[in-house]
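Asks: Following this line is work23.cif, made up of mmCIF, C-alpha atoms:
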data_model
#
loop_
_atom_site.label_atom_id
_atom_site.label_comp_id
_atom_site.auth_asym_id
_atom_site.auth_seq_id
_atom_site.Cartn_x
_atom_site.Cartn_y
_atom_site.Cartn_z
CA MET A 21 55.56 -8.11 48.83
CA SER A 22 53.71 -11.41 48.51
CA CYS A 23 52.72 -12.82 45.14
CA GLN A 24 49.08 -12.69 46.11
CA ARG A 25 49.33 -8.98 46.85
CA ALA A 26 51.29 -8.37 43.67
CA GLN A 27 48.68 -10.17 41.59
CA GLU A 28 46.05 -7.88 43.09
CA LEU A 29 48.05 -4.77 42.37
CA ILE A 30 49.36 -5.68 38.96
CA HIS A 31 46.40 -4.19 37.12
CA GLY A 32 46.69 -0.92 38.99
CA TYR A 33 50.41 -1.03 38.18
CA ILE A 34 49.80 -1.53 34.48
CA ASP A 35 47.21 1.24 34.52
CA GLY A 36 49.50 3.63 36.40
CA GLU A 37 46.92 3.99 39.14
CA LEU A 38 48.98 2.97 42.20
CA ASP A 39 50.31 5.27 44.85
CA PRO A 40 54.11 5.78 44.68
CA VAL A 41 54.95 3.26 47.43
CA ASN A 42 52.87 0.40 46.03
CA ASN A 43 53.99 1.28 42.56
CA LEU A 44 57.63 0.94 43.53
CA GLU A 45 57.13 -2.29 45.45
CA THR A 46 55.05 -3.91 42.73
CA GLY A 47 57.69 -2.97 40.17
CA ARG A 48 60.38 -4.54 42.29
CA HIS A 49 58.39 -7.68 42.86
CA ILE A 50 57.84 -8.14 39.13
CA GLN A 51 61.57 -7.92 38.57
CA ASP A 52 62.22 -10.62 41.14
CA CYS A 53 59.34 -13.02 40.56
CA GLN A 54 58.99 -15.02 37.39
CA VAL A 55 55.32 -15.87 37.84
CA CYS A 56 54.25 -12.28 38.37
CA ALA A 57 56.55 -11.12 35.61
CA SER A 58 54.80 -13.50 33.23
CA THR A 59 51.40 -12.14 34.29
CA TYR A 60 52.70 -8.67 33.72
CA ARG A 61 53.94 -9.51 30.26
CA SER A 62 50.75 -11.26 29.19
CA GLN A 63 48.66 -8.37 30.49
CA THR A 64 50.68 -5.77 28.66
CA ALA A 65 50.42 -7.88 25.51
CA LEU A 66 46.67 -8.01 25.97
CA ARG A 67 46.60 -4.27 26.42
CA SER A 68 48.49 -3.60 23.21
CA SER A 69 46.16 -5.91 21.32
CA LEU A 70 43.17 -3.98 22.66
CA ARG A 71 44.66 -0.69 21.58
CA ASP A 72 44.43 -1.75 17.95
CA LYS A 73 42.83 1.09 16.03
CA SER A 74 40.45 -1.17 14.18
CA LEU A 75 38.72 -2.01 17.46
CA TYR A 76 37.62 1.59 17.82
CA TYR A 77 34.28 2.53 16.32
CA PRO A 78 34.24 6.26 15.56
CA ALA A 79 31.01 7.98 14.57
CA SER A 80 30.38 8.11 10.83
CA GLU A 81 30.35 11.49 9.09
CA LYS A 82 26.69 10.91 8.35
CA LEU A 83 25.87 10.47 12.03
CA LYS A 84 27.91 13.52 12.97
CA LYS A 85 26.01 15.68 10.51
CA ARG A 86 22.68 14.24 11.56
CA ILE A 87 23.30 14.90 15.24
CA GLN A 88 24.54 18.39 14.60
CA SER A 89 21.39 19.24 12.69
CA VAL A 90 19.13 17.52 15.25
CA VAL A 91 20.73 19.50 18.07
CA ARG A 92 20.43 22.75 16.13
CA LYS A 93 16.78 22.07 15.48
CA GLU A 94 16.29 21.39 19.17
CA ALA A 95 18.02 24.68 20.02
CA LYS A 96 15.70 26.48 17.62
CA SER A 97 12.56 24.97 19.09
CA GLU A 98 13.74 25.87 22.60
CA ARG A 99 14.32 29.41 21.42
CA SER A 100 10.90 30.02 19.91
CA PRO A 101 8.28 27.99 21.71
CA ARG A 102 5.58 30.56 20.86
CA SER A 103 5.74 30.06 17.13
CA LEU A 104 4.40 26.57 17.76
CA GLY A 105 1.55 27.90 19.85
CA TRP A 106 -1.23 27.52 17.33
CA ARG A 107 -0.13 24.09 16.31
CA TRP A 108 -0.31 22.93 19.92
CA VAL A 109 -3.79 24.37 20.28
CA ALA A 110 -4.83 22.27 17.30
CA VAL A 111 -3.22 19.15 18.75
CA GLY A 112 -4.86 19.80 22.11
CA ALA A 113 -8.27 20.30 20.54
CA SER A 114 -8.08 17.06 18.58
CA LEU A 115 -6.93 15.16 21.67
CA ALA A 116 -9.87 16.56 23.62
CA PHE A 117 -12.22 15.52 20.84
CA MET A 118 -10.83 11.98 20.79
CA LEU A 119 -11.19 11.79 24.55
CA LEU A 120 -14.82 12.83 24.25
CA ILE A 121 -15.50 10.12 21.66
CA GLY A 122 -13.71 7.63 23.87
CA VAL A 123 -15.83 8.49 26.90
CA MET A 124 -19.01 8.21 24.82
CA LEU A 125 -18.05 4.81 23.43
CA TRP A 126 -17.09 3.63 26.89
CA ARG A 127 -20.52 4.47 28.24
CA VAL A 128 -22.45 3.10 25.29
CA LEU A 129 -20.64 -0.18 24.72
CA PRO A 130 -20.65 -2.59 27.64
CA GLY A 131 -17.75 -4.54 26.16
CA VAL A 132 -15.29 -1.67 26.52
CA SER A 133 -16.22 -0.66 30.00
CA GLY A 134 -12.66 -1.17 31.19
CA PRO A 135 -11.16 -4.15 32.94
CA SER A 136 -13.12 -5.74 35.74
CA SER A 137 -11.71 -5.77 39.25
CA ASP A 138 -10.96 -9.48 38.89
CA GLU A 139 -8.97 -8.80 35.78
CA LEU A 140 -7.00 -6.02 37.42
CA LEU A 141 -6.32 -8.27 40.35
CA ALA A 142 -5.25 -11.08 38.02
CA GLN A 143 -2.75 -8.68 36.47
CA GLU A 144 -1.43 -7.67 39.88
CA LEU A 145 -1.07 -11.31 40.88
CA VAL A 146 0.76 -12.23 37.69
CA SER A 147 3.23 -9.40 38.35
CA ASN A 148 3.67 -10.64 41.89
CA HIS A 149 4.14 -14.22 40.74
CA VAL A 150 6.75 -13.23 38.17
CA ARG A 151 8.53 -11.03 40.68
CA SER A 152 8.62 -13.80 43.24
CA LEU A 153 10.28 -16.10 40.70
CA LEU A 154 12.72 -13.44 39.56
CA LEU A 155 13.78 -13.07 43.15
CA SER A 156 13.65 -16.80 43.69
CA GLY A 157 17.09 -16.67 45.29
CA SER A 158 15.95 -14.26 47.94
CA HIS A 159 12.23 -13.83 47.99
CA LEU A 160 10.29 -16.80 46.73
CA THR A 161 9.66 -17.76 50.31
CA ASP A 162 9.79 -16.08 53.72
CA VAL A 163 9.57 -19.45 55.40
CA LEU A 164 11.14 -22.31 53.52
CA SER A 165 9.67 -25.58 54.63
CA SER A 166 7.74 -28.50 53.28
CA ASP A 167 6.26 -29.11 56.70
CA GLN A 168 2.74 -27.77 57.02
CA HIS A 169 3.15 -27.63 60.80
CA THR A 170 5.99 -25.18 60.34
CA VAL A 171 4.42 -23.07 57.63
CA LYS A 172 0.98 -22.66 59.16
CA PRO A 173 2.11 -21.32 62.55
CA TRP A 174 4.53 -18.98 60.78
CA PHE A 175 1.57 -16.93 59.58
CA ASP A 176 0.35 -16.52 63.16
CA GLY A 177 0.48 -12.88 64.14
CA LYS A 178 1.49 -11.86 60.63
CA VAL A 179 -1.98 -12.03 59.14
CA ASP A 180 -5.35 -11.67 60.87
CA PHE A 181 -6.59 -15.03 59.64
CA ALA A 182 -5.41 -18.62 59.62
CA PRO A 183 -4.83 -19.85 56.10
CA PRO A 184 -5.31 -23.57 55.55
CA VAL A 185 -1.92 -25.13 54.86
CA LYS A 186 -1.49 -28.67 53.63
CA ASP A 187 1.25 -30.50 51.87
CA PHE A 188 0.16 -32.52 48.83
CA ALA A 189 3.47 -34.26 48.29
CA SER A 190 1.78 -37.62 47.84
CA GLN A 191 -0.12 -36.17 44.89
CA ASP A 192 3.14 -34.68 43.61
CA PHE A 193 2.36 -31.09 44.61
CA SER A 194 4.85 -30.60 47.37
CA LEU A 195 4.69 -27.68 49.74
CA TYR A 196 7.75 -25.49 49.24
CA GLY A 197 7.18 -22.69 51.71
CA GLY A 198 5.19 -19.59 52.61
CA ARG A 199 5.45 -15.89 52.03
CA LEU A 200 3.71 -12.75 53.17
CA GLU A 201 2.49 -10.37 50.47
CA TYR A 202 0.65 -7.10 50.37
CA LEU A 203 -1.84 -7.27 47.53
CA ASN A 204 -5.26 -5.88 46.74
CA ASN A 205 -4.72 -3.41 49.62
CA ARG A 206 -4.30 -6.03 52.30
CA SER A 207 -1.94 -8.64 53.72
CA VAL A 208 -2.14 -11.90 51.85
CA ALA A 209 -0.83 -15.32 52.83
CA THR A 210 1.03 -16.97 50.00
CA LEU A 211 1.84 -20.66 49.81
CA ILE A 212 4.34 -21.96 47.32
CA TYR A 213 3.99 -25.44 45.90
CA GLN A 214 6.19 -27.22 43.48
CA ARG A 215 5.45 -29.74 40.76
CA ARG A 216 8.47 -30.86 38.80
CA SER A 217 10.24 -27.61 37.96
CA HIS A 218 7.05 -25.52 38.12
CA TYR A 219 6.19 -23.30 41.03
CA ILE A 220 2.64 -22.53 42.05
CA ASN A 221 1.87 -19.45 44.08
CA LEU A 222 -1.37 -19.88 46.05
CA TYR A 223 -2.65 -16.56 47.38
CA ILE A 224 -5.16 -16.70 50.25
CA TRP A 225 -7.09 -13.99 52.07
CA PRO A 226 -10.51 -13.79 53.73
CA THR A 227 -13.65 -12.66 51.96
CA GLU A 228 -17.04 -11.52 53.20
CA GLN A 229 -18.65 -13.86 50.74
CA ARG A 230 -20.37 -16.87 52.31
CA GLY A 231 -20.25 -20.28 50.71
CA SER A 232 -18.21 -21.25 47.69
CA THR A 233 -17.97 -19.93 44.18
CA GLU A 234 -17.11 -21.76 41.02
CA GLU A 235 -13.57 -21.74 39.68
CA ILE A 236 -12.82 -18.93 37.27
CA THR A 237 -9.90 -19.42 34.93
CA PHE A 238 -7.72 -16.68 33.51
CA GLN A 239 -4.71 -16.66 31.26
CA ARG A 240 -2.19 -13.87 31.36
CA GLN A 241 1.20 -13.70 29.68
CA GLY A 242 1.32 -17.46 29.40
CA TYR A 243 0.45 -18.07 33.04
CA ASN A 244 -2.65 -19.90 34.16
CA LEU A 245 -4.70 -18.47 37.00
CA ILE A 246 -7.56 -20.11 38.85
CA HIS A 247 -9.70 -18.19 41.27
CA TRP A 248 -12.35 -19.50 43.66
CA THR A 249 -13.74 -18.80 47.10
CA SER A 250 -14.59 -21.32 49.73
CA SER A 251 -15.28 -21.25 53.48
CA GLY A 252 -14.85 -17.49 53.64
CA MET A 253 -11.49 -17.43 51.88
CA ASN A 254 -10.40 -16.05 48.53
CA TYR A 255 -8.04 -18.30 46.62
CA TRP A 256 -5.90 -17.50 43.61
CA ALA A 257 -3.55 -20.14 42.18
CA ILE A 258 -1.01 -19.06 39.59
CA SER A 259 1.58 -21.04 37.71
CA ASP A 260 3.18 -21.66 34.38
CA LEU A 261 1.95 -25.22 34.84
CA ASN A 262 -0.59 -26.36 32.27
CA ASN A 263 -4.26 -25.75 32.91
CA VAL A 264 -5.18 -29.40 33.53
CA GLU A 265 -2.64 -29.95 36.27
CA LEU A 266 -3.35 -26.59 37.85
CA HIS A 267 -7.04 -27.55 38.03
CA GLU A 268 -6.02 -30.80 39.64
CA PHE A 269 -4.13 -28.76 42.21
CA ALA A 270 -7.07 -26.41 42.78
CA ARG A 271 -9.36 -29.39 43.40
CA LEU A 272 -6.93 -30.81 45.98
CA VAL A 273 -6.89 -27.52 47.83
CA GLN A 274 -10.66 -27.34 47.79
CA GLN A 275 -11.04 -30.87 49.13
CA GLN A 276 -8.64 -30.50 52.03
CA MET B 18 20.95 32.77 25.53
CA GLN B 19 20.14 29.87 23.28
CA HIS B 20 22.88 30.94 20.90
CA GLU B 21 25.36 30.76 23.74
CA LYS B 22 24.06 27.40 24.89
CA LEU B 23 24.34 25.93 21.42
CA ALA B 24 27.81 27.35 20.91
CA SER B 25 29.21 26.02 24.17
CA PHE B 26 27.50 22.66 23.63
CA GLU B 27 29.13 22.41 20.21
CA ASP B 28 32.37 23.29 21.92
CA ALA B 29 32.28 21.02 24.95
CA VAL B 30 30.23 17.98 23.92
CA LEU B 31 29.99 17.62 20.17
CA PRO B 32 33.72 16.86 19.73
CA HIS B 33 33.25 13.65 21.73
CA LEU B 34 30.92 12.02 19.23
CA ASP B 35 33.56 9.43 18.33
CA ALA B 36 33.95 8.38 21.95
CA ALA B 37 30.18 8.35 22.39
CA HIS B 38 29.70 6.18 19.35
CA ASN B 39 32.52 3.82 20.29
CA LEU B 40 31.01 3.21 23.74
CA ALA B 41 27.48 2.81 22.37
CA ARG B 42 28.68 0.43 19.67
CA TRP B 43 30.49 -1.77 22.19
CA LEU B 44 27.58 -1.79 24.60
CA THR B 45 24.77 -2.40 22.11
CA ARG B 46 26.91 -4.50 19.74
CA SER B 47 25.00 -3.19 16.76
CA ASP B 48 25.80 -0.41 14.27
CA SER B 49 22.28 0.85 13.77
CA ASP B 50 21.40 0.69 17.47
CA ALA B 51 24.55 2.57 18.36
CA ASP B 52 23.60 5.37 15.96
CA ASP B 53 20.13 5.64 17.44
CA VAL B 54 21.36 5.54 21.02
CA VAL B 55 23.98 8.22 20.36
CA GLN B 56 21.46 10.50 18.73
CA GLU B 57 19.03 10.10 21.61
CA ALA B 58 21.79 10.60 24.17
CA TYR B 59 22.95 13.79 22.45
CA LEU B 60 19.45 15.21 22.43
CA ARG B 61 19.16 14.46 26.12
CA ALA B 62 22.58 15.94 26.75
CA PHE B 63 21.56 19.13 24.99
CA LYS B 64 18.38 19.39 27.03
CA PHE B 65 20.27 18.93 30.28
CA PHE B 66 23.27 20.97 29.22
CA GLY B 67 22.21 23.75 31.57
CA GLY B 68 23.20 21.44 34.42
CA PHE B 69 26.72 20.91 33.11
CA HIS B 70 29.22 23.14 34.86
CA GLY B 71 32.32 21.00 34.73
CA THR B 72 35.19 20.97 32.34
CA ASP B 73 35.14 17.32 31.33
CA GLY B 74 32.58 17.18 28.54
CA ARG B 75 33.68 13.72 27.51
CA SER B 76 32.97 12.03 30.85
CA TRP B 77 29.74 13.95 31.18
CA VAL B 78 28.36 12.90 27.81
CA LEU B 79 29.66 9.33 28.12
CA ALA B 80 27.68 8.90 31.34
CA ILE B 81 24.55 9.97 29.45
CA VAL B 82 25.39 7.66 26.55
CA ARG B 83 25.87 4.77 28.95
CA ASN B 84 22.54 5.40 30.66
CA THR B 85 20.77 5.67 27.33
CA CYS B 86 22.35 2.38 26.26
CA TYR B 87 21.19 0.59 29.39
CA THR B 88 17.66 1.92 29.09
CA TRP B 89 17.64 0.90 25.47
CA MET B 90 18.94 -2.60 26.23
CA GLN B 91 16.39 -3.09 28.98
CA HIS B 92 13.58 -2.07 26.68
CA ASN B 93 14.78 -4.53 24.12
CA ARG B 94 15.08 -7.22 26.74
CA SER B 95 18.65 -7.85 25.99
CA PRO B 96 19.45 -11.30 27.39
CA GLN B 97 22.63 -10.09 29.02
CA PHE B 98 20.51 -8.46 31.70
CA SER B 99 19.21 -11.74 32.98
CA ALA B 100 22.16 -12.43 35.23
CA PRO B 101 23.45 -9.54 37.29
CA LEU B 102 27.07 -9.67 38.29
CA ASP B 103 28.18 -10.37 41.76
CA ASP B 104 31.47 -8.66 42.28
CA GLU B 105 32.12 -10.37 45.57
CA LEU B 106 31.43 -13.97 44.78
CA GLU B 107 32.69 -14.45 41.34
CA ASP B 108 36.29 -15.12 40.77
CA ILE B 109 38.25 -16.83 38.13
CA GLU B 110 41.56 -18.37 38.87
CA SER B 111 44.18 -16.72 36.79
CA GLU B 112 45.70 -18.88 34.12
CA ASP B 113 48.53 -17.00 32.67
CA LEU B 114 49.39 -17.63 29.12
CA ASP B 115 52.72 -17.81 27.49
CA PRO B 116 53.36 -14.22 26.36
CA GLU B 117 54.50 -15.34 22.96
CA GLU B 118 51.38 -17.32 22.42
CA LEU B 119 49.35 -14.36 23.51
CA LEU B 120 51.17 -12.04 21.17
CA GLN B 121 50.31 -14.32 18.31
CA GLN B 122 46.68 -14.23 19.33
CA SER B 123 46.78 -10.50 19.61
CA GLN B 124 47.67 -10.15 16.02
CA ASP B 125 44.35 -11.55 15.11
CA THR B 126 42.20 -8.53 15.76
CA GLU B 127 39.00 -10.26 14.78
CA ILE B 128 39.44 -12.79 17.55
CA VAL B 129 40.05 -10.02 20.04
CA ARG B 130 36.98 -8.18 18.78
CA ARG B 131 34.82 -11.24 19.15
CA ALA B 132 36.13 -12.10 22.60
CA LEU B 133 35.59 -8.56 23.88
CA GLN B 134 32.16 -8.45 22.31
CA GLU B 135 31.12 -11.62 24.12
CA LEU B 136 32.27 -10.42 27.52
CA PRO B 137 29.46 -9.58 30.00
CA VAL B 138 28.53 -5.95 29.59
CA GLU B 139 29.80 -4.94 33.04
CA TYR B 140 33.32 -6.01 32.16
CA ARG B 141 33.08 -4.84 28.58
CA GLU B 142 32.27 -1.27 29.53
CA VAL B 143 35.15 -0.80 31.95
CA LEU B 144 37.58 -2.39 29.48
CA VAL B 145 36.37 -0.21 26.62
CA LEU B 146 36.63 2.93 28.71
CA ARG B 147 40.06 1.96 30.04
CA GLU B 148 41.75 0.47 26.99
CA LEU B 149 40.04 2.14 24.06
CA GLU B 150 39.21 5.47 25.63
CA GLU B 151 42.26 5.44 27.93
CA MET B 152 40.35 6.89 30.85
CA SER B 153 41.48 6.92 34.47
CA TYR B 154 39.84 4.77 37.15
CA LYS B 155 38.29 7.90 38.59
CA GLU B 156 36.76 8.93 35.29
CA ILE B 157 35.44 5.41 34.69
CA ALA B 158 34.00 5.32 38.22
CA GLY B 159 32.15 8.55 37.46
CA ILE B 160 30.73 7.30 34.19
CA ALA B 161 29.74 3.82 35.31
CA ASP B 162 28.58 5.03 38.72
CA LEU B 163 30.88 2.60 40.60
CA PRO B 164 33.39 2.94 43.43
CA VAL B 165 36.98 3.19 42.21
CA GLY B 166 37.84 -0.11 43.90
CA THR B 167 35.13 -1.88 41.92
CA VAL B 168 36.48 -0.40 38.70
CA MET B 169 39.86 -1.92 39.50
CA SER B 170 38.49 -5.35 40.39
CA ARG B 171 36.22 -5.42 37.34
CA LEU B 172 39.14 -4.53 35.10
CA ALA B 173 41.22 -7.29 36.66
CA ARG B 174 38.48 -9.89 36.24
CA GLY B 175 37.52 -8.60 32.82
CA ARG B 176 41.07 -8.98 31.59
CA LYS B 177 41.35 -12.50 32.98
CA ARG B 178 38.08 -13.45 31.33
CA LEU B 179 39.19 -11.91 28.10
CA GLN B 180 42.40 -13.88 28.19
CA LYS B 181 40.50 -17.08 28.74
CA ALA B 182 38.09 -16.32 25.93
CA LEU B 183 40.96 -15.54 23.58
CA THR B 184 42.51 -18.90 24.26
CA LYS B 185 39.21 -20.61 23.61
CA HIS B 186 38.56 -18.76 20.39
CA ARG B 187 42.05 -19.47 19.22
CA GLN B 188 41.57 -23.17 19.84
CA THR B 189 38.27 -23.35 17.94
CA GLU B 190 39.89 -21.45 15.10
CA VAL B 191 42.62 -24.05 14.89
CA LEU B 192 40.16 -26.91 15.11
CA SER B 193 37.95 -25.54 12.34
CA GLU B 194 40.95 -25.30 10.07
CA LEU B 195 41.71 -28.99 10.41
CA PRO B 196 40.65 -31.15 7.45
CA LYS B 197 37.22 -32.74 7.85
CA SER B 198 36.89 -36.47 8.48
CA THR B 199 37.11 -38.79 5.50
CA GLY B 200 33.50 -39.90 5.82
CA THR B 201 32.30 -37.73 2.95
CA ASN B 202 34.88 -39.08 0.57
CA THR B 203 33.86 -42.69 0.91
CA ARG B 204 30.26 -41.74 0.27
CA LEU B 205 31.10 -40.47 -3.18
CA HIS B 206 31.74 -43.93 -4.49
#
As structure tokens, how would this structure be written, given the file I've shared?

Replies:
Amino acid sequence: MSCQRAQELIHGYIDGELDPVNNLETGRHIQDCQVCASTYRSQTALRSSLRDKSLYYPASEKLKKRIQSVVRKEAKSERSPRSLGWRWVAVGASLAFMLLIGVMLWRVLPGVSGPSSDELLAQELVSNHVRSLLLSGSHLTDVLSSDQHTVKPWFDGKVDFAPPVKDFASQDFSLYGGRLEYLNNRSVATLIYQRRSHYINLYIWPTEQRGSTEEITFQRQGYNLIHWTSSGMNYWAISDLNNVELHEFARLVQQQ
Amino acid sequence: MQHEKLASFEDAVLPHLDAAHNLARWLTRSDSDADDVVQEAYLRAFKFFGGFHGTDGRSWVLAIVRNTCYTWMQHNRSPQFSAPLDDELEDIESEDLDPEELLQQSQDTEIVRRALQELPVEYREVLVLRELEEMSYKEIAGIADLPVGTVMSRLARGRKRLQKALTKHRQTEVLSELPKSTGTNTRLH
């Protein structure tokens, strides 16, 4: 048996988990080889130190009693669900009443009329942005390139529109790549830009709206979002970059 | 019916409270959290006890305890969840220690406790189940929902990491016991 193989098997040997043949051969090897014997000794020493009683945390008597009584109570409530019947009716009635009040308030007060569609979308985009960064190893980009002539054609045939793609490296917003997303019930082209260590996700999809709209700024969970439309496209830029620089970025995109 | 259920639950699952608490305490690394997790896990276990037909109440309840721990840690945004393990890529070259030196370290249980506590949770759980609970690879695989081969490789890597950490802790211990520099003395005058 080679040392490499023995080193692999030594833990199974110590744990008594090897089949008889490997067990025998590993045992023999340890007898013959000083290096593996030393590993064996240090591992068994480690084991005995881990088996020290004071490393074991048994449940306290208090916890044992508490759990026993909690489980018994649970058994009781499973046994007699009907005895709780009237109480549940009362709970149900008060919930219904609160719901009624809620609906009335919602209709009367304009301020609590629920989140607007823009706000819901902003929330969806923030989640997408965060997810894209969490998966930055694998899914920040579908096409990784700082070349606009690579990124733009990549979207061909993947979305039913041609998103404008431009690299702003000279203004220190360098194009990092592109990604396809499904958001707001449609396919969305996503461009990723980088400034210093900050990533900007720029989401683009067509809109029916003619002309341009003003920038609208949102803040969610510490991220800045800027939304605008221009030339029949919806734009959403999201980043943890500060508001000033993100506006600078938005202006560059609008001027392209 | 319910009487029977309660009686067999108290028979098959309740006796493993120590094991349940030990695992929860090592995973959450906090006394009060471990108590809460164990209580929640036992309530869940009782609710799902109808689905338990095996004979190994300990493995069955430990799997529930482990799941409850993970859910709890995720809710509390435990930082150890930020970096998932990659069993394939990661490897640490083995640096075997002098057995005598290791024995000396072993005597210091507090250092062992600290080193094990600081191990990534994926290694910690297999080590706790193997060394403290003395479970077989197959039992551990069932509880941690891993293939048996992964249990073996995690144990191997976990032990190597633990050894390394023990050496490090031992060294810092020695360093902190050294007398401080003389700078403070001269200031007194």

Asks: Give me, as CSV, each residue of chain A that comes within 9 Å of chain B, together with its shortest interatomic pair and the distance in Å at one decimal, counting only C-alpha atoms, with rows ordered by chain and rising residue number.

Replies:
residue,atom,partner,partner_atom,distance
A:Glu28,CA,B:Ala173,CA,8.1
A:Ile30,CA,B:Ala173,CA,8.6
A:His31,CA,B:Ala173,CA,6.1
A:Gly32,CA,B:Met169,CA,6.9
A:Asp35,CA,B:Ser153,CA,8.1
A:Gly36,CA,B:Ser153,CA,8.9
A:Glu37,CA,B:Tyr154,CA,7.4
A:Val55,CA,B:Asp113,CA,8.6
A:Ser58,CA,B:Pro116,CA,7.1
A:Thr59,CA,B:Asp113,CA,5.9
A:Arg61,CA,B:Pro116,CA,6.1
A:Ser62,CA,B:Pro116,CA,4.9
A:Gln63,CA,B:Arg176,CA,7.7
A:Ala65,CA,B:Leu120,CA,6.1
A:Leu66,CA,B:Ser123,CA,6.8
A:Arg67,CA,B:Glu148,CA,6.8
A:Ser68,CA,B:Ser123,CA,8.0
A:Ser69,CA,B:Ser123,CA,4.9
A:Leu70,CA,B:Glu148,CA,6.4
A:Arg71,CA,B:Leu149,CA,6.0
A:Asp72,CA,B:Thr126,CA,7.5
A:Lys73,CA,B:Leu149,CA,8.6
A:Ser74,CA,B:Thr126,CA,7.7
A:Leu75,CA,B:Arg130,CA,6.5
A:Tyr76,CA,B:Asn39,CA,6.1
A:Tyr77,CA,B:Asn39,CA,4.5
A:Pro78,CA,B:Asp35,CA,4.3
A:Ala79,CA,B:Asp35,CA,4.8
A:Ser80,CA,B:Asp35,CA,8.3
A:Leu83,CA,B:Asp52,CA,6.8
A:Lys84,CA,B:Leu34,CA,7.1
A:Arg86,CA,B:Gln56,CA,8.2
A:Ile87,CA,B:Gln56,CA,5.9
A:Gln88,CA,B:Leu31,CA,7.8
A:Val90,CA,B:Leu60,CA,7.5
A:Val91,CA,B:Leu60,CA,6.2
A:Arg92,CA,B:Leu23,CA,7.3
A:Glu94,CA,B:Leu60,CA,7.7
A:Ala95,CA,B:Gln19,CA,6.5
A:Lys96,CA,B:Gln19,CA,8.0
A:Glu98,CA,B:Gln19,CA,7.6
A:Arg99,CA,B:Gln19,CA,6.1

Asks: May I ask for the distance between atom CA of A:Leu141 and atom CA of A:Gly242, given in Å to one decimal place?

Replies: 16.2 Å

Asks: Atom CA of A:Thr233 and atom CA of A:Lys178, how far apart in Å?

Replies: 26.7 Å

Asks: Could you tell me, as number ranges by chain, exactly which residues end up selected when the PyMOL selection byres ((chain A and resi 146) around 9) is applied to this structure?

Replies: A: 141-145, 147-151, 240-241, 243, 245, 258-259

Asks: Can you write just those residues out, C-alpha atoms, as a compact mmCIF listing (two decimals), in the coordinates of the input?

Replies:
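The file below, again.txt, is the result:
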# COMPACT_ATOMS: atom_id res chain seq x y z
CA LEU A 141 -6.32 -8.27 40.35
CA ALA A 142 -5.25 -11.08 38.02
CA GLN A 143 -2.75 -8.68 36.47
CA GLU A 144 -1.43 -7.67 39.88
CA LEU A 145 -1.07 -11.31 40.88
CA SER A 147 3.23 -9.40 38.35
CA ASN A 148 3.67 -10.64 41.89
CA HIS A 149 4.14 -14.22 40.74
CA VAL A 150 6.75 -13.23 38.17
CA ARG A 151 8.53 -11.03 40.68
CA ARG A 240 -2.19 -13.87 31.36
CA GLN A 241 1.20 -13.70 29.68
CA TYR A 243 0.45 -18.07 33.04
CA LEU A 245 -4.70 -18.47 37.00
CA ILE A 258 -1.01 -19.06 39.59
CA SER A 259 1.58 -21.04 37.71

Asks: Do you have the atom CA of A:Gly47-atom CA of B:Gly166 distance handy?

Replies: 20.4 Å

Asks: Ranking B:Ile128, B:Val54, B:Glu142, B:Thr45 by minimum distance to B:Gln188 and counting only C-alpha atoms, which one comes first?

Replies: B:Ile128

Asks: Using only C-alpha atoms for the distances, tell me which of B:Arg187, B:Arg83, B:Lys181, B:His92 is nearest to B:Glu139.

Replies: B:Arg83

Asks: Any chance you could resolve the PyMOL selection byres ((chain A and resi 202) around 12) against this file and give the residues as a list in words?

Replies: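 Applying the expression gives Glu144, Leu145, Asn148, Lys178, Val179, Arg199, Leu200, Glu201, Leu203, Asn204, Asn205, Arg206, Ser207, Val208, Ala209, Thr210, Tyr223, Ile224 and Trp225 of chain A.
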
Asks: Name every residue that the PyMOL selection byres ((chain A and resi 195) around 6) selects in this structure, writing the answer as a ChimeraX atom specification with chains first and numbers rising.

Replies: /A:166,187,194,196-197,213
